[in-house]
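Structure data (mmCIF, C-alpha atoms) from final-v3.cif:
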data_entry
loop_
_atom_site.label_atom_id
_atom_site.label_comp_id
_atom_site.auth_asym_id
_atom_site.auth_seq_id
_atom_site.Cartn_x
_atom_site.Cartn_y
_atom_site.Cartn_z
CA MET R 1 -181.03 -20.29 -15.15
CA PRO R 2 -183.39 -21.63 -12.45
CA ASP R 3 -185.90 -19.34 -10.75
CA THR R 4 -184.57 -18.11 -7.42
CA SER R 5 -187.40 -15.64 -6.74
CA ASN R 6 -188.92 -15.19 -3.31
CA ASN R 7 -191.53 -17.89 -3.78
CA ALA R 8 -188.70 -20.44 -3.83
CA PHE R 9 -187.76 -19.43 -0.33
CA THR R 10 -191.23 -19.88 1.12
CA ARG R 11 -191.29 -23.64 0.77
CA MET R 12 -189.92 -25.70 3.66
CA PHE R 13 -187.41 -28.49 3.35
CA THR R 14 -188.73 -31.84 2.07
CA LYS R 15 -186.36 -34.82 2.18
CA GLY R 16 -184.87 -35.79 -1.20
CA ARG R 17 -186.77 -33.09 -3.14
CA ILE R 18 -185.93 -29.66 -1.77
CA GLY R 19 -182.32 -28.42 -1.48
CA ILE R 20 -181.12 -26.51 1.52
CA THR R 21 -179.59 -23.17 0.65
CA ALA R 22 -178.14 -22.60 4.10
CA VAL R 23 -178.25 -24.35 7.43
CA ALA R 24 -176.71 -22.26 10.18
CA LEU R 25 -175.50 -23.96 13.32
CA ALA R 26 -173.50 -22.32 16.11
CA VAL R 27 -171.76 -24.38 18.76
CA LEU R 28 -169.45 -22.93 21.39
CA LEU R 29 -166.84 -25.61 22.07
CA SER R 30 -165.36 -25.67 25.56
CA GLY R 31 -161.63 -24.96 25.59
CA CYS R 32 -161.32 -23.70 22.01
CA ALA R 33 -164.19 -21.21 21.55
CA GLU R 34 -164.70 -22.18 17.91
CA THR R 35 -167.98 -21.43 16.15
CA GLN R 36 -169.30 -24.33 14.11
CA LEU R 37 -171.44 -23.86 11.00
CA ALA R 38 -173.35 -26.65 9.29
CA VAL R 39 -173.81 -25.46 5.72
CA HIS R 40 -175.48 -27.44 2.98
CA GLY R 41 -175.25 -26.13 -0.59
CA VAL R 42 -177.52 -26.87 -3.50
CA LYS R 43 -175.70 -29.26 -5.80
CA ARG R 44 -177.74 -28.34 -8.85
CA LEU R 45 -180.66 -25.99 -9.03
CA GLY R 46 -183.62 -27.61 -10.71
CA GLY R 47 -181.65 -30.78 -11.45
CA VAL R 48 -182.49 -34.44 -11.09
CA GLN R 49 -182.48 -36.56 -7.95
CA SER R 50 -179.06 -36.60 -6.25
CA GLN R 51 -177.10 -39.79 -6.73
CA PRO R 52 -175.29 -41.66 -3.94
CA THR R 53 -171.63 -40.83 -3.40
CA GLN R 54 -169.46 -42.77 -5.85
CA VAL R 55 -167.15 -45.51 -4.64
CA GLY R 56 -164.90 -46.11 -7.65
CA ASN R 57 -162.05 -48.61 -7.89
CA TYR R 58 -159.07 -48.70 -5.55
CA LYS R 59 -155.95 -47.88 -7.53
CA ILE R 60 -152.33 -47.08 -6.79
CA GLY R 61 -150.83 -47.61 -10.22
CA ASN R 62 -147.36 -48.04 -11.67
CA PRO R 63 -144.70 -45.32 -12.04
CA TYR R 64 -145.37 -43.14 -15.07
CA GLU R 65 -143.68 -40.34 -16.99
CA ILE R 66 -145.22 -37.06 -18.13
CA ALA R 67 -143.15 -34.48 -20.03
CA GLY R 68 -139.86 -35.90 -18.75
CA GLN R 69 -140.97 -36.08 -15.13
CA TRP R 70 -141.42 -39.46 -13.43
CA TYR R 71 -144.14 -39.95 -10.83
CA TYR R 72 -144.25 -42.84 -8.36
CA PRO R 73 -147.72 -43.58 -6.94
CA ALA R 74 -147.57 -45.03 -3.43
CA VAL R 75 -149.38 -45.25 -0.11
CA ASP R 76 -148.08 -42.44 2.11
CA TYR R 77 -150.06 -41.73 5.26
CA GLU R 78 -147.48 -39.15 6.37
CA TYR R 79 -147.84 -37.10 3.19
CA SER R 80 -147.78 -33.33 3.82
CA GLU R 81 -146.81 -30.83 1.15
CA THR R 82 -147.15 -27.14 0.43
CA GLY R 83 -147.47 -25.70 -3.05
CA ILE R 84 -149.91 -24.24 -5.53
CA ALA R 85 -153.40 -25.60 -6.15
CA SER R 86 -155.46 -25.08 -9.29
CA TRP R 87 -158.93 -26.28 -10.28
CA TYR R 88 -160.60 -28.00 -13.21
CA GLY R 89 -164.23 -28.21 -14.24
CA PRO R 90 -166.30 -27.82 -17.42
CA LYS R 91 -163.94 -29.53 -19.88
CA PHE R 92 -163.84 -32.70 -17.76
CA HIS R 93 -167.37 -32.67 -16.35
CA GLY R 94 -169.06 -36.04 -16.88
CA LYS R 95 -165.88 -37.83 -17.92
CA LYS R 96 -164.29 -40.80 -16.20
CA THR R 97 -161.68 -40.23 -13.51
CA ALA R 98 -158.55 -42.36 -13.20
CA ASN R 99 -160.27 -44.76 -10.79
CA GLY R 100 -163.46 -45.15 -12.79
CA GLU R 101 -165.69 -42.58 -11.12
CA VAL R 102 -167.54 -39.92 -13.10
CA PHE R 103 -166.09 -36.46 -12.55
CA ASP R 104 -168.68 -33.94 -11.35
CA GLN R 105 -167.42 -30.38 -11.05
CA TYR R 106 -170.19 -29.67 -8.51
CA GLU R 107 -168.92 -32.31 -6.09
CA ILE R 108 -165.94 -32.00 -3.77
CA SER R 109 -163.03 -33.93 -5.25
CA ALA R 110 -159.48 -33.45 -6.51
CA ALA R 111 -156.70 -34.91 -8.63
CA HIS R 112 -153.27 -35.82 -7.26
CA ARG R 113 -150.25 -37.28 -9.02
CA THR R 114 -149.18 -40.03 -6.61
CA LEU R 115 -151.61 -40.69 -3.75
CA PRO R 116 -153.77 -43.85 -3.90
CA LEU R 117 -157.22 -43.49 -5.43
CA PRO R 118 -159.37 -42.85 -3.54
CA SER R 119 -157.68 -41.03 -0.65
CA ILE R 120 -158.91 -38.35 1.72
CA VAL R 121 -156.79 -35.24 2.25
CA ARG R 122 -157.21 -31.95 4.01
CA VAL R 123 -156.44 -28.98 1.77
CA THR R 124 -155.79 -25.67 3.51
CA ASN R 125 -155.77 -22.38 1.63
CA LEU R 126 -152.76 -20.63 3.16
CA GLU R 127 -154.03 -17.26 1.97
CA ASN R 128 -157.35 -17.20 3.84
CA GLY R 129 -157.13 -20.09 6.32
CA ARG R 130 -159.98 -22.14 4.88
CA SER R 131 -159.48 -25.89 4.90
CA LEU R 132 -161.56 -28.67 3.42
CA LYS R 133 -161.62 -32.46 3.45
CA VAL R 134 -161.33 -33.60 -0.15
CA ARG R 135 -161.65 -36.98 -1.87
CA ILE R 136 -158.79 -37.71 -4.30
CA ASN R 137 -160.21 -39.72 -7.22
CA ASP R 138 -158.17 -38.66 -10.24
CA ARG R 139 -154.60 -38.20 -11.51
CA GLY R 140 -153.10 -34.78 -12.12
CA PRO R 141 -152.25 -31.95 -12.29
CA PHE R 142 -149.40 -32.28 -14.77
CA ALA R 143 -148.35 -28.65 -14.83
CA HIS R 144 -144.96 -28.65 -13.12
CA SER R 145 -145.89 -25.90 -10.67
CA ARG R 146 -149.12 -27.39 -9.26
CA ILE R 147 -149.48 -30.04 -6.55
CA ILE R 148 -153.24 -30.62 -6.61
CA ASP R 149 -156.15 -29.95 -8.98
CA MET R 150 -159.44 -29.26 -7.19
CA SER R 151 -162.95 -29.61 -8.55
CA ARG R 152 -164.71 -26.35 -9.25
CA ARG R 153 -166.90 -26.74 -6.15
CA ALA R 154 -163.90 -27.44 -3.91
CA ALA R 155 -162.07 -24.38 -5.26
CA HIS R 156 -165.20 -22.32 -4.67
CA LEU R 157 -165.45 -23.41 -1.04
CA LEU R 158 -161.76 -22.72 -0.46
CA GLY R 159 -162.18 -19.25 -1.93
CA PHE R 160 -159.97 -19.37 -5.02
CA GLU R 161 -162.34 -20.27 -7.86
CA LYS R 162 -162.25 -16.74 -9.31
CA LYS R 163 -158.50 -16.31 -8.78
CA GLY R 164 -157.69 -19.71 -10.28
CA THR R 165 -154.83 -20.71 -7.98
CA ALA R 166 -153.96 -20.60 -4.30
CA LYS R 167 -151.10 -21.35 -1.95
CA VAL R 168 -152.10 -24.52 -0.12
CA LEU R 169 -151.07 -27.17 2.38
CA VAL R 170 -152.17 -30.72 1.47
CA GLU R 171 -152.18 -33.42 4.18
CA VAL R 172 -153.35 -37.02 4.06
CA ILE R 173 -155.97 -37.97 6.64
CA GLU R 174 -154.90 -41.50 7.49
CA LEU R 175 -158.03 -42.89 9.18
CA ASP R 176 -160.41 -41.54 6.55
CA SER R 177 -158.11 -42.71 3.75
CA ARG R 178 -157.92 -46.24 5.18
CA GLN R 179 -161.69 -46.42 5.54
CA THR R 180 -162.27 -45.08 2.03
CA ALA R 181 -159.76 -47.56 0.59
CA ALA R 182 -161.47 -50.46 2.39
CA VAL R 183 -164.83 -49.47 0.92
CA ALA R 184 -163.36 -49.15 -2.59
CA LYS R 185 -161.76 -52.60 -2.24
CA GLY R 186 -165.07 -54.11 -1.13
CA GLU R 187 -163.67 -54.93 2.29
CA ALA R 188 -166.06 -52.64 4.17
CA THR R 189 -169.24 -50.65 3.75
CA PRO R 190 -169.70 -47.01 4.73
CA ALA R 191 -170.61 -46.78 8.40
CA VAL R 192 -172.68 -43.65 7.81
CA THR R 193 -174.05 -41.74 4.86
CA ALA R 194 -171.90 -39.32 2.92
CA ALA R 195 -173.89 -36.39 4.32
CA GLU R 196 -173.26 -37.56 7.87
CA GLN R 197 -169.53 -37.82 7.27
CA LYS R 198 -169.18 -34.11 6.55
CA THR R 199 -169.48 -30.97 8.66
CA VAL R 200 -168.64 -27.32 8.20
CA SER R 201 -166.83 -25.11 10.66
CA ALA R 202 -165.99 -21.43 10.41
CA ALA R 203 -163.39 -19.17 11.99
CA PRO R 204 -163.77 -18.18 15.64
CA ARG R 205 -165.61 -14.89 15.94
CA ASP R 206 -165.93 -12.58 18.94
CA VAL R 207 -169.38 -11.26 18.11
CA VAL R 208 -172.58 -12.54 16.61
CA GLU R 209 -172.83 -11.40 13.02
CA THR R 210 -174.14 -12.18 9.60
CA VAL R 211 -171.45 -13.72 7.41
CA ARG R 212 -171.29 -14.38 3.71
CA LEU R 213 -169.49 -17.43 2.36
CA ASP R 214 -168.35 -15.75 -0.86
CA ASP R 215 -170.96 -16.45 -3.50
CA GLY R 216 -173.53 -19.18 -3.31
CA PRO R 217 -173.52 -22.50 -5.12
CA ILE R 218 -172.69 -22.46 -8.82
CA THR R 219 -175.51 -23.24 -11.22
CA ASP R 220 -175.22 -25.12 -14.51
CA SER R 221 -175.22 -21.78 -16.33
CA GLY R 222 -172.09 -20.75 -14.45
CA GLU R 223 -173.88 -18.01 -12.51
CA PRO R 224 -173.56 -18.11 -8.71
CA THR R 225 -176.41 -17.73 -6.27
CA THR R 226 -175.80 -16.10 -2.91
CA SER R 227 -176.58 -17.06 0.66
CA LYS R 228 -176.01 -15.68 4.13
CA ILE R 229 -175.53 -17.47 7.44
CA ILE R 230 -176.56 -15.83 10.71
CA LEU R 231 -174.47 -16.93 13.68
CA THR R 232 -176.62 -17.09 16.79
CA PRO R 233 -174.97 -19.03 19.64
CA PRO R 234 -177.77 -20.88 21.51
CA ALA R 235 -177.81 -20.51 25.29
CA ASN R 236 -177.75 -24.25 25.93
CA LYS R 237 -174.91 -24.92 23.44
CA GLN R 238 -177.17 -27.23 21.48
CA ALA R 239 -177.53 -27.07 17.72
CA GLY R 240 -179.91 -24.35 16.60
CA ILE R 241 -180.92 -24.80 12.97
CA GLU R 242 -182.48 -22.33 10.59
CA GLN R 243 -183.57 -23.70 7.23
CA THR R 244 -184.34 -21.97 3.97
CA SER R 245 -185.21 -23.84 0.80
CA LEU R 246 -184.52 -23.52 -2.90
CA ASP R 247 -185.75 -25.58 -5.82
CA GLY R 248 -183.18 -28.26 -6.50
CA ASN R 249 -181.35 -31.04 -4.76
CA ILE R 250 -179.24 -31.41 -1.67
CA GLU R 251 -175.49 -31.57 -1.90
CA GLU R 252 -173.81 -33.32 0.98
CA ALA R 253 -172.52 -30.95 3.65
CA ALA R 254 -169.06 -29.57 2.90
CA VAL R 255 -166.28 -29.36 5.44
CA VAL R 256 -164.73 -25.92 5.67
CA SER R 257 -162.59 -24.95 8.67
CA VAL R 258 -161.16 -21.46 8.88
CA GLU R 259 -158.13 -20.68 11.02
CA PRO R 260 -155.93 -17.60 11.38
CA VAL R 261 -153.02 -17.57 8.94
CA THR R 262 -149.60 -15.95 9.06
CA ASN R 263 -147.39 -14.81 6.22
CA SER R 264 -146.17 -17.31 3.66
CA GLU R 265 -143.83 -17.00 0.70
CA ILE R 266 -143.43 -18.78 -2.63
CA TYR R 267 -140.12 -20.42 -3.58
CA VAL R 268 -138.85 -22.68 -6.31
CA GLN R 269 -137.15 -25.70 -4.77
CA ALA R 270 -134.49 -26.78 -7.23
CA GLY R 271 -133.39 -29.86 -5.31
CA ALA R 272 -132.76 -31.49 -1.94
CA PHE R 273 -129.59 -33.39 -1.01
CA SER R 274 -128.28 -35.36 1.95
CA ILE R 275 -124.76 -34.08 1.14
CA TYR R 276 -124.23 -30.36 1.66
CA ASP R 277 -121.61 -30.01 -1.10
CA ASN R 278 -124.11 -31.24 -3.68
CA ALA R 279 -126.57 -28.59 -2.58
CA LEU R 280 -123.84 -25.94 -2.74
CA ASN R 281 -122.86 -26.98 -6.26
CA LEU R 282 -126.45 -26.67 -7.46
CA ARG R 283 -126.90 -23.29 -5.81
CA ASN R 284 -123.74 -22.05 -7.53
CA ARG R 285 -125.01 -23.27 -10.92
CA LEU R 286 -128.31 -21.43 -10.44
CA PHE R 287 -126.79 -18.33 -8.84
CA ASP R 288 -127.62 -16.01 -11.76
CA MET R 289 -131.33 -16.90 -11.69
CA GLY R 290 -132.01 -14.89 -8.56
CA PRO R 291 -131.77 -14.89 -4.76
CA SER R 292 -131.26 -18.39 -3.36
CA LYS R 293 -130.53 -20.19 -0.13
CA ILE R 294 -129.60 -23.60 1.24
CA GLU R 295 -131.99 -24.66 3.96
CA PRO R 296 -131.38 -27.71 6.18
CA VAL R 297 -134.37 -29.82 7.18
CA ASP R 298 -134.59 -32.95 9.31
CA VAL R 299 -136.64 -35.78 7.81
CA LYS R 300 -136.94 -38.88 9.99
CA GLY R 301 -133.51 -38.37 11.49
CA THR R 302 -131.72 -37.52 8.24
CA THR R 303 -130.66 -33.98 7.40
CA PHE R 304 -131.41 -32.81 3.87
CA TYR R 305 -130.21 -29.57 2.33
CA ARG R 306 -132.85 -27.87 0.20
CA VAL R 307 -131.84 -25.42 -2.51
CA ARG R 308 -134.55 -22.78 -2.84
CA LEU R 309 -134.81 -19.73 -5.08
CA GLY R 310 -136.95 -16.80 -4.07
CA PRO R 311 -139.09 -15.57 -2.53
CA LEU R 312 -141.32 -14.87 -5.52
CA ASN R 313 -144.10 -12.29 -5.44
CA THR R 314 -146.67 -14.09 -7.58
CA VAL R 315 -147.58 -17.53 -8.90
CA PRO R 316 -146.85 -16.51 -12.54
CA GLU R 317 -143.34 -15.43 -11.51
CA ALA R 318 -142.84 -18.80 -9.83
CA ASP R 319 -144.11 -20.60 -12.93
CA ILE R 320 -141.57 -18.85 -15.14
CA LEU R 321 -138.65 -19.42 -12.78
CA LEU R 322 -139.58 -23.08 -12.33
CA GLU R 323 -139.46 -23.70 -16.07
CA ARG R 324 -136.04 -22.04 -16.24
CA VAL R 325 -134.75 -24.30 -13.47
CA ILE R 326 -136.20 -27.42 -15.09
CA ALA R 327 -134.51 -26.43 -18.35
CA THR R 328 -131.13 -26.81 -16.59
CA GLY R 329 -131.88 -30.49 -16.02
CA GLN R 330 -133.49 -30.28 -12.58
CA ASN R 331 -136.63 -32.21 -13.55
CA GLY R 332 -137.62 -32.68 -9.92
CA ALA R 333 -137.79 -28.94 -9.21
CA LYS R 334 -141.10 -27.70 -7.83
CA VAL R 335 -142.91 -24.67 -6.45
CA VAL R 336 -143.28 -24.69 -2.66
CA VAL R 337 -144.87 -22.41 -0.09
CA GLU R 338 -142.83 -21.64 2.99
CA CYS R 339 -144.59 -20.73 6.21
CA ALA R 340 -142.74 -18.39 8.55
CA GLU R 341 -143.07 -20.78 11.50
CA ASN R 342 -141.75 -23.75 9.50
CA VAL R 343 -138.45 -22.24 8.34
CA GLY R 344 -135.61 -24.65 9.09
CA SER R 345 -137.86 -27.52 10.11
CA ALA R 346 -140.16 -30.08 8.58
CA PRO R 347 -143.73 -28.81 8.06
CA LYS R 348 -145.99 -29.52 11.00
CA SER R 349 -149.28 -31.18 10.17
CA SER R 350 -151.11 -28.72 12.39
CA ALA R 351 -149.30 -25.62 11.15
CA VAL R 352 -151.21 -23.11 9.09
CA CYS R 353 -149.35 -20.20 7.51
#
Just give me the structure of the file as structure tokens.
Amino acid sequence: MPDTSNNAFTRMFTKGRIGITAVALAVLLSGCAETQLAVHGVKRLGGVQSQPTQVGNYKIGNPYEIAGQWYYPAVDYEYSETGIASWYGPKFHGKKTANGEVFDQYEISAAHRTLPLPSIVRVTNLENGRSLKVRINDRGPFAHSRIIDMSRRAAHLLGFEKKGTAKVLVEVIELDSRQTAAVAKGEATPAVTAAEQKTVSAAPRDVVETVRLDDGPITDSGEPTTSKIILTPPANKQAGIEQTSLDGNIEEAAVVSVEPVTNSEIYVQAGAFSIYDNALNLRNRLFDMGPSKIEPVDVKGTTFYRVRLGPLNTVPEADILLERVIATGQNGAKVVVECAENVGSAPKSSAVC
């Protein structure tokens, strides 16, 4: 494990050679009173020179089948879905992703079953309000009850690395996805560096305080370091930066927004139908599996009737119930997260549970 003794903190930042443990930046935005933090984490302590952000190949792919479930990759700039996120790391570290990049568990990336590779999405942890821009560069997850597989670093920043799973909202960011696709196709070059494309913001706070962003960056040995950020709003609203150094290399700034969250509940969605009687028939067939409901939702002018079982108290309970529903022939069944403010309507892209 690299030396993180006090002498490591006495050296000032040197471009390309010294990693920044924490860069604290407070900005009071007019009209929204949100505190902004610019936080750079050490990608690897004592590692080699950081490499440029990977580009990879642009790939949509053909429909494919995994364990009886068909998936249909497609461009979908209106994609917005709630469900359960998981993360993957050591077993895949250094291996090729589905679009030819090299998976690095210390970088911010994720796997998705159908979105084009690469795409940019915002993933919001509906349990703590943290959200993060993430680059989709791989296929997965193929567990029925998961909608996205995050890299270890991304899970760490969203606050669920130790827990393993989290209730999340995943939304495509159209402009960023179009720009990323153009670069991957060779039709454009990045307008700015990867580090310049990313920022970090934290939840609004009423008082100046010292905050801790969980544990610090993860080292190769698996042991976390720790860091603290001191929020000190400057009088002139300009960026005030405090820098502390560690041996190692710079990881590009991560984007973490934190917003207040309301209650959310886990359901198993057995199916969705445009004809109410079909939804009623399915609900009757699954009646003995537990509490259920038929919920209408408007999608682009068409009313669909969703058959949902629950709510469930935990992710493991949802996993078990989902497999029981799939065993009845409902291969398209999935685990969803329902926000209180979204009941009876399509999820709003700006809504956070």
For this session: Report the residues retrieved by the PyMOL selection byres ((chain R and resi 168) around 7) from the displayed file, expressed as a PyMOL selection string.
Result: chain R and resi 82-85+123-126+166-167+169-170
For this session: Considering only C-alpha atoms, return as a list in words whatever protein or nucleic-acid residues lie within 6 Å of Ala110 in chain R, sequence-local ones (same chain, fewer than 3 positions apart) excluded.
Result: Ile136, Asp149, Met150 and Ser151 of chain R
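For the choices R:Gln330, R:Thr302, R:Gln179, R:Ser274, the atom-to-atom distance to Tyr58 in chain R is smallest for R:Gln179 when using all atoms listed in the file.
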Exercise. Skipping near chain neighbours, those fewer than 3 positions away, what residues fall within 8 Å of Leu282 in chain R using all atoms listed in the file, listed as number ranges by chain?
Worked result: R: 271, 278-279, 285-286, 307
Exercise. Using only C-alpha atoms, what residues lie at most 9 Å away from (-145.1, -19.7, -3.4) (file coordinates), given as JSON, numbers by chain?
Worked result: {"R": [82, 83, 84, 166, 167, 264, 265, 266, 267, 268, 310, 311, 312, 313, 314, 315, 318, 335, 336, 337, 338]}
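Distance annotation: of R:Thr97, R:Gln69, R:Asn62, R:Ser131, the residue with the minimal separation from Val261 in chain R is R:Ser131; atom set is only C-alpha atoms.
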Problem set entry | Atom-to-atom span, CA of Ile326 in chain R and CA of Glu171 in chain R, Å |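 About the pair CA of Ile326 in chain R and CA of Glu171 in chain R: they are 25.7 Å apart.
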For this session: Show which residues sit within 12 Å of Lys91 in chain R, as a PyMOL selection string. Count all atoms listed in the file, and ignore same-chain residues fewer than 4 positions away.
Result: chain R and resi 87+95-96+103-105+151-152
For this session: Name the residues captured by the PyMOL selection byres ((chain R and resi 146) around 7) when it is applied to the shown file; answer as a VMD selection string.
Result: chain R and resid 83 to 86 141 143 to 145 147 to 148
For this session: Counting all atoms listed in the file, figure out which residue out of R:Ala327, R:Thr180, R:Phe160, R:Asp277 gets nearest to Val134 in chain R.
Result: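 Among the listed residues, R:Thr180 lies closest to Val134 in chain R.
Every polymer residue reaching to within 10 Å of (-158.7, -49.6, 2.5), counting only C-alpha atoms, appears in this list: Tyr58, Pro116, Pro118, Ser119, Leu175, Asp176, Ser177, Arg178, Gln179, Thr180, Ala181, Ala182, Val183, Ala184, Lys185, Gly186, Glu187 and Ala188 of chain R.
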For this session: Using the chain letters and residue numbers of this document, give as a list in words the residues selected by the PyMOL selection byres ((chain R and resi 70) around 12).
Result: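 When the PyMOL selection byres ((chain R and resi 70) around 12) is applied to the shown file, the picked residues are Asn62, Pro63, Tyr64, Glu65, Ile66, Ala67, Gly68, Gln69, Tyr71, Tyr72, Pro73, Arg113, Thr114, Phe142, His144, Asn331, Gly332 and Ala333 of chain R.
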Exercise. Between R:Gly94, R:Arg139, R:Ile320, R:Lys133, which has the minimum distance to Gly61 in chain R (counting all atoms listed in the file)?
Worked result: R:Arg139
